[in-house]
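Q: Next comes my_file_38.cif, mmCIF, C-alpha atoms; chains and numbers go by the auth columns:
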```
data_data
loop_
_atom_site.group_PDB
_atom_site.id
_atom_site.type_symbol
_atom_site.label_atom_id
_atom_site.label_comp_id
_atom_site.label_asym_id
_atom_site.label_seq_id
_atom_site.Cartn_x
_atom_site.Cartn_y
_atom_site.Cartn_z
_atom_site.B_iso_or_equiv
_atom_site.auth_seq_id
_atom_site.auth_asym_id
ATOM 1 C CA MET A 1 9.705 -8.583 -13.141 0.00 1 A
ATOM 2 C CA ARG A 2 6.711 -6.995 -11.491 0.00 2 A
ATOM 3 C CA TYR A 3 5.497 -6.952 -7.879 0.00 3 A
ATOM 4 C CA ILE A 4 2.480 -8.867 -6.604 0.00 4 A
ATOM 5 C CA GLN A 5 -0.289 -6.288 -6.779 0.00 5 A
ATOM 6 C CA GLY A 6 -3.906 -5.956 -5.817 0.00 6 A
ATOM 7 C CA VAL A 7 -6.525 -3.864 -7.561 0.00 7 A
ATOM 8 C CA SER A 8 -5.448 -0.289 -8.189 0.00 8 A
ATOM 9 C CA ARG A 9 -7.511 2.354 -6.393 0.00 9 A
ATOM 10 C CA GLU A 10 -7.622 4.331 -9.659 0.00 10 A
ATOM 11 C CA GLN A 11 -9.234 1.456 -11.600 0.00 11 A
ATOM 12 C CA ARG A 12 -12.600 2.430 -13.058 0.00 12 A
ATOM 13 C CA ILE A 13 -15.675 0.721 -11.640 0.00 13 A
ATOM 14 C CA PHE A 14 -19.408 1.261 -11.957 0.00 14 A
ATOM 15 C CA PHE A 15 -20.259 3.574 -8.998 0.00 15 A
ATOM 16 C CA PRO A 16 -18.286 5.779 -8.238 0.00 16 A
ATOM 17 C CA GLU A 17 -15.795 5.968 -11.094 0.00 17 A
ATOM 18 C CA SER A 18 -12.780 4.725 -9.079 0.00 18 A
ATOM 19 C CA VAL A 19 -12.111 2.987 -5.762 0.00 19 A
ATOM 20 C CA ASP A 20 -10.066 6.005 -4.623 0.00 20 A
ATOM 21 C CA GLU A 21 -13.273 8.070 -4.570 0.00 21 A
ATOM 22 C CA TYR A 22 -14.525 5.964 -1.625 0.00 22 A
ATOM 23 C CA ILE A 23 -11.735 7.431 0.524 0.00 23 A
ATOM 24 C CA ALA A 24 -12.533 10.829 2.067 0.00 24 A
ATOM 25 C CA GLU A 25 -10.115 13.683 1.379 0.00 25 A
ATOM 26 C CA ASN A 26 -9.344 14.120 5.110 0.00 26 A
ATOM 27 C CA ASN A 27 -8.585 10.414 5.653 0.00 27 A
ATOM 28 C CA PRO A 28 -5.046 9.817 7.015 0.00 28 A
ATOM 29 C CA ILE A 29 -4.564 7.100 4.382 0.00 29 A
ATOM 30 C CA LYS A 30 -4.127 9.831 1.755 0.00 30 A
ATOM 31 C CA CYS A 31 -1.297 11.371 3.828 0.00 31 A
ATOM 32 C CA ILE A 32 0.399 8.004 4.373 0.00 32 A
ATOM 33 C CA ASP A 33 0.108 7.236 0.654 0.00 33 A
ATOM 34 C CA ALA A 34 1.664 10.553 -0.376 0.00 34 A
ATOM 35 C CA PHE A 35 4.429 10.297 2.253 0.00 35 A
ATOM 36 C CA VAL A 36 5.579 6.783 1.303 0.00 36 A
ATOM 37 C CA ASP A 37 5.337 7.581 -2.424 0.00 37 A
ATOM 38 C CA SER A 38 7.700 10.524 -1.861 0.00 38 A
ATOM 39 C CA LEU A 39 10.398 8.268 -0.335 0.00 39 A
ATOM 40 C CA ASP A 40 13.225 6.608 -2.291 0.00 40 A
ATOM 41 C CA LEU A 41 12.957 3.154 -0.734 0.00 41 A
ATOM 42 C CA SER A 42 16.077 1.741 -2.395 0.00 42 A
ATOM 43 C CA GLU A 43 18.120 4.610 -0.952 0.00 43 A
ATOM 44 C CA LEU A 44 16.660 3.858 2.490 0.00 44 A
ATOM 45 C CA GLY A 45 17.924 0.280 2.275 0.00 45 A
ATOM 46 C CA PHE A 46 14.767 -1.674 1.467 0.00 46 A
ATOM 47 C CA LYS A 47 15.942 -5.044 0.163 0.00 47 A
ATOM 48 C CA HIS A 48 13.193 -5.639 -2.402 0.00 48 A
ATOM 49 C CA SER A 49 12.723 -2.071 -3.632 0.00 49 A
ATOM 50 C CA GLU A 50 13.758 -3.299 -7.099 0.00 50 A
ATOM 51 C CA PRO A 51 12.202 -6.661 -8.057 0.00 51 A
ATOM 52 C CA GLU A 52 14.431 -9.544 -9.192 0.00 52 A
ATOM 53 C CA LEU A 53 14.090 -11.102 -12.629 0.00 53 A
ATOM 54 C CA THR A 54 13.753 -14.649 -11.271 0.00 54 A
ATOM 55 C CA GLY A 55 11.578 -16.333 -8.676 0.00 55 A
ATOM 56 C CA CYS A 56 8.194 -15.409 -7.264 0.00 56 A
ATOM 57 C CA PRO A 57 7.700 -11.632 -7.193 0.00 57 A
ATOM 58 C CA PRO A 58 7.652 -9.993 -3.730 0.00 58 A
ATOM 59 C CA TYR A 59 4.999 -7.618 -2.488 0.00 59 A
ATOM 60 C CA ASN A 60 5.779 -4.001 -3.210 0.00 60 A
ATOM 61 C CA SER A 61 7.876 -2.500 -0.376 0.00 61 A
ATOM 62 C CA ALA A 62 5.921 0.754 -0.617 0.00 62 A
ATOM 63 C CA ASP A 63 2.583 -1.043 -0.149 0.00 63 A
ATOM 64 C CA LEU A 64 3.866 -2.964 2.876 0.00 64 A
ATOM 65 C CA SER A 65 5.300 0.250 4.366 0.00 65 A
ATOM 66 C CA LYS A 66 1.952 1.990 3.960 0.00 66 A
ATOM 67 C CA LEU A 67 0.197 -0.912 5.687 0.00 67 A
ATOM 68 C CA TYR A 68 2.736 -0.927 8.538 0.00 68 A
ATOM 69 C CA ILE A 69 2.407 2.839 9.103 0.00 69 A
ATOM 70 C CA TYR A 70 -1.387 2.586 9.020 0.00 70 A
ATOM 71 C CA GLY A 71 -1.300 -0.200 11.615 0.00 71 A
ATOM 72 C CA TYR A 72 1.097 1.756 13.811 0.00 72 A
ATOM 73 C CA LEU A 73 -1.065 4.895 13.735 0.00 73 A
ATOM 74 C CA ASN A 74 -4.221 2.908 14.538 0.00 74 A
ATOM 75 C CA LEU A 75 -2.606 0.696 17.218 0.00 75 A
ATOM 76 C CA ILE A 76 -3.124 -2.483 15.187 0.00 76 A
ATOM 77 C CA CYS A 77 -0.437 -5.055 15.995 0.00 77 A
ATOM 78 C CA SER A 78 -1.968 -8.248 14.645 0.00 78 A
ATOM 79 C CA SER A 79 -1.397 -9.228 11.025 0.00 79 A
ATOM 80 C CA ARG A 80 -4.914 -10.705 10.966 0.00 80 A
ATOM 81 C CA SER A 81 -6.386 -7.418 12.136 0.00 81 A
ATOM 82 C CA LEU A 82 -4.369 -5.574 9.487 0.00 82 A
ATOM 83 C CA GLU A 83 -5.728 -7.962 6.868 0.00 83 A
ATOM 84 C CA LYS A 84 -9.280 -7.145 7.970 0.00 84 A
ATOM 85 C CA GLU A 85 -8.516 -3.422 7.714 0.00 85 A
ATOM 86 C CA THR A 86 -7.347 -3.827 4.113 0.00 86 A
ATOM 87 C CA LYS A 87 -10.830 -4.959 3.157 0.00 87 A
ATOM 88 C CA THR A 88 -12.626 -1.884 4.538 0.00 88 A
#
```
How does the structure come out when it is put into C-alpha coordinates?

A:
Amino acid sequence: MRYIQGVSREQRIFFPESVDEYIAENNPIKCIDAFVDSLDLSELGFKHSEPELTGCPPYNSADLSKLYIYGYLNLICSSRSLEKETKT
(Lines of atoms letter the chains of each structure in order from A and count residues from 1; the text may use other names and numbers.)
(Lines give C-alpha, C1' and ligand atoms only; values in the text may rest on other atoms or scores of the structure.)
Protein backbone atom coordinates (compact mmCIF):
# COMPACT_ATOMS: atom_id res chain seq x y z
CA MET A 1 0.00 0.00 0.00
CA ARG A 2 1.16 3.53 -0.66
CA TYR A 3 1.36 6.62 1.56
CA ILE A 4 -0.95 9.62 1.28
CA GLN A 5 1.02 11.99 -0.92
CA GLY A 6 0.75 15.50 -2.24
CA VAL A 7 2.10 16.79 -5.52
CA SER A 8 5.73 15.89 -6.14
CA ARG A 9 8.11 18.85 -6.37
CA GLU A 10 9.66 17.22 -9.46
CA GLN A 11 6.33 17.12 -11.35
CA ARG A 12 6.48 19.07 -14.60
CA ILE A 13 4.38 22.22 -14.83
CA PHE A 14 4.16 25.10 -17.28
CA PHE A 15 6.57 27.73 -15.84
CA PRO A 16 9.18 26.78 -14.56
CA GLU A 17 9.53 23.13 -15.51
CA SER A 18 9.12 21.75 -11.95
CA VAL A 19 7.91 22.99 -8.56
CA ASP A 20 11.37 22.28 -7.10
CA GLU A 21 12.78 25.09 -9.27
CA TYR A 22 10.80 27.62 -7.18
CA ILE A 23 13.00 26.76 -4.18
CA ALA A 24 16.33 28.63 -4.06
CA GLU A 25 19.50 26.54 -3.83
CA ASN A 26 20.48 28.13 -0.49
CA ASN A 27 17.07 27.49 1.11
CA PRO A 28 17.32 25.38 4.31
CA ILE A 29 14.47 23.20 3.00
CA LYS A 30 16.93 21.57 0.58
CA CYS A 31 19.20 20.64 3.53
CA ILE A 32 16.30 19.27 5.59
CA ASP A 33 15.09 17.27 2.58
CA ALA A 34 18.52 15.72 1.96
CA PHE A 35 19.08 15.00 5.67
CA VAL A 36 15.77 13.19 6.25
CA ASP A 37 16.10 11.28 2.96
CA SER A 38 19.48 9.98 4.15
CA LEU A 39 17.96 8.48 7.33
CA ASP A 40 16.67 4.91 7.67
CA LEU A 41 13.42 5.71 9.46
CA SER A 42 12.46 2.09 10.15
CA GLU A 43 15.81 1.55 11.88
CA LEU A 44 15.17 4.67 13.99
CA GLY A 45 11.90 3.19 15.23
CA PHE A 46 9.30 5.08 13.21
CA LYS A 47 6.10 3.06 13.49
CA HIS A 48 4.71 3.73 10.01
CA SER A 49 7.97 3.72 8.04
CA GLU A 50 6.59 0.75 6.07
CA PRO A 51 2.91 1.13 5.10
CA GLU A 52 0.40 -1.60 6.01
CA LEU A 53 -1.56 -3.47 3.37
CA THR A 54 -4.94 -2.74 4.98
CA GLY A 55 -6.71 0.37 6.19
CA CYS A 56 -6.31 4.01 5.25
CA PRO A 57 -2.71 4.80 4.27
CA PRO A 58 -0.74 7.01 6.71
CA TYR A 59 1.20 10.10 5.75
CA ASN A 60 4.80 9.39 4.88
CA SER A 61 6.97 9.49 8.04
CA ALA A 62 9.75 11.23 6.10
CA ASP A 63 7.41 14.03 4.97
CA LEU A 64 6.11 14.58 8.51
CA SER A 65 9.68 14.59 9.87
CA LYS A 66 10.69 17.22 7.32
CA LEU A 67 7.71 19.37 8.31
CA TYR A 68 8.49 18.98 12.03
CA ILE A 69 12.17 19.93 11.55
CA TYR A 70 11.18 22.92 9.41
CA GLY A 71 8.76 24.10 12.10
CA TYR A 72 11.37 23.63 14.82
CA LEU A 73 14.01 25.63 12.92
CA ASN A 74 11.56 28.46 12.20
CA LEU A 75 10.00 28.51 15.70
CA ILE A 76 6.58 27.45 14.41
CA CYS A 77 4.67 25.51 17.08
CA SER A 78 1.12 25.66 15.77
CA SER A 79 -0.12 23.00 13.37
CA ARG A 80 -2.25 25.66 11.66
CA SER A 81 0.81 27.84 11.12
CA LEU A 82 2.70 24.84 9.75
CA GLU A 83 -0.17 24.18 7.35
CA LYS A 84 0.07 27.77 6.09
CA GLU A 85 3.82 27.35 5.57
CA THR A 86 3.25 24.27 3.41
CA LYS A 87 1.38 26.41 0.92
CA THR A 88 4.18 28.96 0.41

Q: When you draw a straight line from atom CA of Tyr68 of chain A to atom CA of Phe35 of chain A, how long is it in Å?

A: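 Those two atoms sit 13.0 Å apart.
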
Q: What is the atom CA of Val7 of chain A-atom CA of Ser38 of chain A distance in Å, reported with one decimal?

A: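 Interatomic distance here is 21.0 Å.
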
Q: What is the distance between atom CA of Ser78 of chain A and atom CA of Arg2 of chain A, in Å to one decimal?

A: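 We find that atom CA of Ser78 of chain A and atom CA of Arg2 of chain A lie 27.6 Å from each other.
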
Q: Can you pull out every residue within 12 Å of Ser81 of chain A, counting all atoms listed in the file, but drop anything in the same chain fewer than 5 positions away, and send it as a VMD selection string?

A: chain A and resid 67 to 68 70 to 72 74 to 76 86 to 88

Q: Check the smallest atom-to-atom distance from each of A:Leu82, A:Val19, A:Ala62, A:Cys77 to Ile4 of chain A using all atoms listed in the file, then report the winner.

A: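 Once distances to Ile4 of chain A are computed over all atoms listed in the file, the minimum belongs to A:Ala62.
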
Q: Specify as a ChimeraX atom specification each residue included when the PyMOL selection byres ((chain A and resi 63) around 12) is applied to this file.

A: /A:3-6,8,29,32-37,41,48-49,58-62,64-70,86

Q: Grab the residues selected above and save them as a CSV table (one decimal), in the coordinates of the input with C-alpha atoms.

A:
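Output (part12.csv):
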```
chain,number,residue,atom,x,y,z
A,3,TYR,CA,5.5,-7.0,-7.9
A,4,ILE,CA,2.5,-8.9,-6.6
A,5,GLN,CA,-0.3,-6.3,-6.8
A,6,GLY,CA,-3.9,-6.0,-5.8
A,8,SER,CA,-5.4,-0.3,-8.2
A,29,ILE,CA,-4.6,7.1,4.4
A,32,ILE,CA,0.4,8.0,4.4
A,33,ASP,CA,0.1,7.2,0.7
A,34,ALA,CA,1.7,10.6,-0.4
A,35,PHE,CA,4.4,10.3,2.3
A,36,VAL,CA,5.6,6.8,1.3
A,37,ASP,CA,5.3,7.6,-2.4
A,41,LEU,CA,13.0,3.2,-0.7
A,48,HIS,CA,13.2,-5.6,-2.4
A,49,SER,CA,12.7,-2.1,-3.6
A,58,PRO,CA,7.7,-10.0,-3.7
A,59,TYR,CA,5.0,-7.6,-2.5
A,60,ASN,CA,5.8,-4.0,-3.2
A,61,SER,CA,7.9,-2.5,-0.4
A,62,ALA,CA,5.9,0.8,-0.6
A,64,LEU,CA,3.9,-3.0,2.9
A,65,SER,CA,5.3,0.2,4.4
A,66,LYS,CA,2.0,2.0,4.0
A,67,LEU,CA,0.2,-0.9,5.7
A,68,TYR,CA,2.7,-0.9,8.5
A,69,ILE,CA,2.4,2.8,9.1
A,70,TYR,CA,-1.4,2.6,9.0
A,86,THR,CA,-7.3,-3.8,4.1
```
